[in-house]
Structure formats: C-alpha cells, structure tokens
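Reviewing the structure listed below.
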There are 2 protein chains.
Amino acid sequence: MRTHTAGLARDLEVIEALASAEAFTLGGIGVARVAELTKRDKGQISRVLKTLEATGLVDRDKATRKYSLGHRFYSMSMRTREAHLALQAESRLAELVAQVQETAHLNVLRGGRVLTIKTVVAADAVRRSGWDGVLSNAGITASGRAILAGLTDSEIELWWAEHALDDPLPLLSIDMPEPAEPINPKTRRARRPARSLKQFEKMLQEVRDKGYAISDEFQEGIVDAAAPVRDSSNIVVAAISVGASIERLGDQTDQLGQLVSAAALRLSTDLGAPIIGPA
Amino acid sequence: MRTHTAGLARDLEVIEALASAEAFTLGGIGVARVAELTKRDKGQISRVLKTLEATGLVDRDKATRKYSLGHRFYSMSMRTREAHLALQAESRLAELVAQVQETAHLNVLRGGRVLTIKTVVAADAVRRSGWDGVLSNAGITASGRAILAGLTDSEIELWWAEHALDDPLPLLSIDMPEPAEPINPKTRRARRPARSLKQFEKMLQEVRDKGYAISDEFQEGIVDAAAPVRDSSNIVVAAISVGASIERLGDQTDQLGQLVSAAALRLSTDLGAPIIGPA
DNA sequence: CAATTAGTTGACATATGGACAACCACATTA
DNA sequence: TAATGTGGTTGTCCATATGTCAACTAATTG
C-alpha cells in the first residue's frame, strides 16, 4: 500500500526538528540547520517554514531569523484531552504536594510511553524545572504500572506484545532532561518492564492489591509511588505519582503510597468516577 | 511566486479543523466531517490523518474512530516560549489572585492578537474554565495595550498599519468560549482599538505614565487592568491582567492597577529584568 | 437485515515538490 | 573595500507524489 502522504510525513519532520532538544536550548534554529537535520534542500525548507509560520505553528525571531515552535502550538495544545486533565488535576496535585513535601506529577499512558502532563514542584525541590511534556518508558515507571494495572489481562497481553520492547525514545523526538550517558547495556536491559509477561502481570496484580504502584528502577536512588485516576466511565485515564529519595523516604513507602492513592481517588471523583473502592 | 508548499498548506487545514470549536466540544470528529470542513476528498483525508496519527500530532479514539488533537501536541507545546513563561508566571499570578480575589491572566502579544497563556482562577470565580489558549483582539484589551505601550513610536505605527484592522478571529481557527451573537455592526465598530493612530498613541502614553493599562471595551461590565512584564533585556514580553466587574470594583480601579503592576514587576525581576522603574 | 453512512484502498492523469542554481543580505577577514 | 563565506530566498525544469474518482469494506441505523 502506498501511503499517499509522503510529502506531509517529510514536512512533519521539520516540526520534529524544531521540537528537538537542540532547537529548544538554543531558542530556535535556522533554515540551514533544519535542512541539515532533515536532510532536505534548504530552499524547500525555507518555503516549508514560511507556510508553517503563516499558521503560527512555528514562530520566527525577527532579529535572529531563527525558527522555533510557535504560539499556535501552545494555543492548540489547550484543546487536547491532556490539557483538560492537567487543568483539573492542578489543585489535587497541590494538596498532595502540601502533604508529602515532594514534587508530584500527573501522567498518562500513550502507546508504550508515559507522558507527564503536569508537575507541581515542592517548595524545597532542588530542580525547579518540571518534567512537563516529557515521555518516559511506561513499563518501568510507577505511573505506567498504575495505569496498566487498570487494564484487563487480554489488554495487557496486547500492550506487552506491542510495546514491551519499545526503544526508550522515538525518532528525532523530544528527549528527556538529562539525555543520559552513552547506552550502557546493563542499564538498557534494566529498562525493560520485566523479564516475561507472566512476571509483569504478577507485578500488576500486586499493584491492584495495594492500590498503588512502586518503582525504583526509573531513576537511581529515587522511589516512585503512583496511583490510578479514573474518569466517569470508571476507566483509568491517568496516574498521579510522587518520587522521593530513598533516604528521605525511609520505611514510609506504604504511607506515601496511601497518600498518593487518596489523592488519585479525589481527582477521580472530581472527574465523575463512581465512588466505589479501587477496581 | 509559487509557494511550493501547497500540499502542506492544505494538510495544515486538517489540523485547524481538529482545533476547531466543533471538534473540541464533540471530543473529536471523523474522517468524513474533516473532509467536509476542509473541502477535500475523504480518501485523501483518511490518509492524511493516518500519517498525522503516526507522529502523535492527532489521536484517534479507538472506539468511536474519531480524531482529535494528539498528545504530541501537548508534549511539544511545552517546548514553546509560551509554556516557559506560563510556568514561571504561575506563582506570581497566584499571589496576585490571593490579593485581589479575582482571576488573573498572563498574556502575550502575537501579531494583532493577545494570547492568554495562563489563567489562575479566583476561589469564588463563577466560570472555572480558564481562557488558556484563547486569542483576543489586542487593541481593545488591557493586556494588548500594556504590551504595545512598551514599543517605540515607530514600532507602534508599524503595528497599527499591519494589525489595527485585523478581524476578530482568523480562518478556521480557535474561537473564543462564547462564540458571540451574530455580528452586530455597532459592537463590531467598537472592537477597533481607536479611531486613529494619534488617538491610540495618546492612549498608550497614558498607559506609560500610569504603569498599567485599563480597558472596559473588551467584555461588557468588566474592567480589565494590565501591566507589562519585561525580560532580562528589558523588553516587554507579556502582560499580567485582572478583570473585575464594575460594581465589585467601585472606585478602586487605581488600586487594582497598582497591585497588578506590582505583580508584573515581581515577575519581571524573576525573569531577570533590570530593577529600574517602569521603563 | 436491508439500507445508509463512514472509512479504506487502488489506479491514472496532473499538479506539486525536489534538485540545482542564481541571487541577495550580511558578517568576517585580508 | 574587496574578497570570501554563510544563511536565506526565489526561479525553473522534470520526476513523482498527490488529487480525483470509483470500487470496495466496515460500521451504524431503522
């Protein structure tokens, strides 16, 4: 089958290039650089960027002539489900942060990855920059597990088949804050959800039993706790998570889990979820 | 001159269609409807949407098969200047809201319009839904004036020439919450910044003198106050605004202006603006 | 379950984008 | 200030990617 949209696919790479870490940190990149990144003719890129600019999807700095993702992107993004959720979650996350004195996140599952859509930082947090907009591998994060635990066994099998081996990050793509050291094969293996589907399902069963998920594989020295958020149809649409350093947390993992779980339940009822116990 | 990007331009209209109020309120629209909105062949639209989905720029609801703006949109939007500003402004806006007990906004000027990038709602606000992502005509909003007042006379002239007569809203586009009654010519005339450039510049001079801008033309019965936010190069990048109903405000307009102005100054110094008086 | 509507896929003619090159603007250096 | 280099824009020609149309399948409705 011919896709019939080869040109569009190519042009979307231009947008990806502008969303790259490079463009982001430099505050924009020029026509020549985009052409280089996308391996296309600079003349064509010049024209493509011009039409993208006309829609506001990319902005151009008048002085430096460099392009970056545009205001329209921000504007339109407010019309996504993600933005809606983020808005509704804000106050509940703030409550949780006040309770635990740690930064809290709202995450959703998208394909094989977890997307952080809202971060509320604790007052004394070291890193003020949030993870908003960052994609992480789902299987090894507490949030990913919390959400996946809400699926049926057959759905989980399907997910496992499709995504268990997803690479840490897609194509040109948006990278995580600290782009990480050269791929250490050991670390890399650890970044798989579990050895086998069986093992993974067992892990998810534990999550169901407790009502929250735990992960210490995602970031060295950090324990994450996450609990599922349900909507009015009682299906899991997101997860609230909190990460705490191991030493600070001590043996209070369960307490943290309970608090996160309670916050997730409050948000769920905000969203109109039926007020029955977990499940 | 041939644009050489006709196809892309057409395909972008598909995205616009998905950002329309219709798609938004219905929680997604199908292939046929998008084809109708964009006046294109449904076969082609089917293919276009498929490639857009592959990048995550649009999401498809598995059950209903309807498309909507995708998670990648949200993710990428966090890489815009607007998102950065919004993040930094959050706490300052919250302070201001605590002081004045009214909903506060952060706005930027984009072309002839003001884009609201962050809303912090007051506890007792009637409408909980924010204006985030909404575009409004710049000349008649307090924020627009506050920002424009930061430009030089020649820049203002240029702006006036280009945008003074901009239509309320662009093409297919993102509409405002209440799409407004059928265009009343009287209202419509009122929606121009001022009769003449001279008059407009005089208005802006007043803004400079006071340090904040006032507008009562934007929404019936509401007085908006706005003050400019400057970055480390001391150029105006945004405005903080607060709207209060006329009766609630009484004769305290100036006090409100002062508070808004103070909040804007705090945010400016957060952004690294030199700590000199207003301009 | 027939009838209607929504979505997908195939094939051909033609509009469109890629390649290349000339050109402009601006900065850097000799 | 001429010379060189870098980044960006625009024109033209031709291969090819896309629009058109139609047949088809899949879902939805009465």
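Going by the structure tokens order, chains are called A, B, ..., each with residues numbered from 1, while ligands are numbered from 1 in the order shown.
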Interface list for chain A, partner chain D, 9 Å threshold, only C-alpha atoms (C1' of nucleotides), as a CSV table (one decimal) with N, CA and C atoms, in the first residue's frame:
```csv
chain,number,residue,atom,x,y,z
A,4,HIS,N,0.6,7.7,0.2
A,4,HIS,CA,0.0,8.8,-0.4
A,4,HIS,C,0.1,10.1,0.4
A,5,THR,N,1.0,10.1,1.3
A,5,THR,CA,1.2,11.3,2.1
A,5,THR,C,2.7,11.5,2.5
A,6,ALA,N,3.5,11.1,1.5
A,6,ALA,CA,5.0,11.1,1.7
A,6,ALA,C,5.4,12.5,2.0
A,7,GLY,N,4.9,13.5,1.3
A,7,GLY,CA,5.3,14.9,1.5
A,7,GLY,C,5.0,15.4,2.9
A,30,GLY,N,18.0,27.8,12.5
A,30,GLY,CA,17.8,28.5,11.2
A,30,GLY,C,17.5,27.5,10.1
A,31,VAL,N,17.2,28.0,9.0
A,31,VAL,CA,16.8,27.2,7.8
A,31,VAL,C,17.9,26.2,7.5
A,32,ALA,N,19.1,26.6,7.5
A,32,ALA,CA,20.2,25.7,7.1
A,32,ALA,C,20.3,24.5,8.0
A,42,LYS,N,17.7,23.2,1.3
A,42,LYS,CA,17.4,24.4,2.2
A,42,LYS,C,16.4,25.3,1.5
A,43,GLY,N,16.4,25.3,0.2
A,43,GLY,CA,15.4,26.1,-0.5
A,43,GLY,C,14.0,25.6,-0.1
A,46,SER,N,13.1,26.4,3.5
A,46,SER,CA,12.8,27.8,3.6
A,46,SER,C,11.3,28.0,3.3
A,47,ARG,N,10.8,27.4,2.2
A,47,ARG,CA,9.4,27.5,1.9
A,47,ARG,C,8.5,26.8,2.9
```
Checklist entry - Hey, what does DSSP flag as helix (DSSP H, G or I) within region 23-107 of chain A? Can you give it to me as a VMD selection string? => result chain A and resid 23 to 26 31 to 38 42 to 55 71 to 77 81 to 100
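Those residues of chain A that fall within 9 Å of chain C when using only C-alpha atoms (C1' of nucleotides) read Met1, Gly7, Arg40, Asp41 and Gln44 of chain A.
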Item to check | Non-local contacts of region 54-70 of chain B (8 Å; only C-alpha atoms (C1' of nucleotides); under 5 positions in same chain excluded) as a PyMOL selection string | outcome: (chain A and resi 12+76-77+79-80) or (chain B and resi 15+18-19+23-24+27-31+49)
Item to check | Residues within 7 Å of region 248-265 of chain A, only C-alpha atoms (C1' of nucleotides), excluding chain neighbours under 2 positions, as a ChimeraX atom specification | outcome: /A:92,96,211-212,225-229,240-241,244-246,267-269
Checklist outcome for this item: CA of Arg113 (chain B) to CA of Asn137 (chain B) measures 4.6 Å
Checklist entry - How far is it from CA of Glu82 (chain A) to CA of Thr141 (chain A), in Å with one decimal? => result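 Computed distance, CA of Glu82 (chain A) to CA of Thr141 (chain A), equals 18.8 Å.
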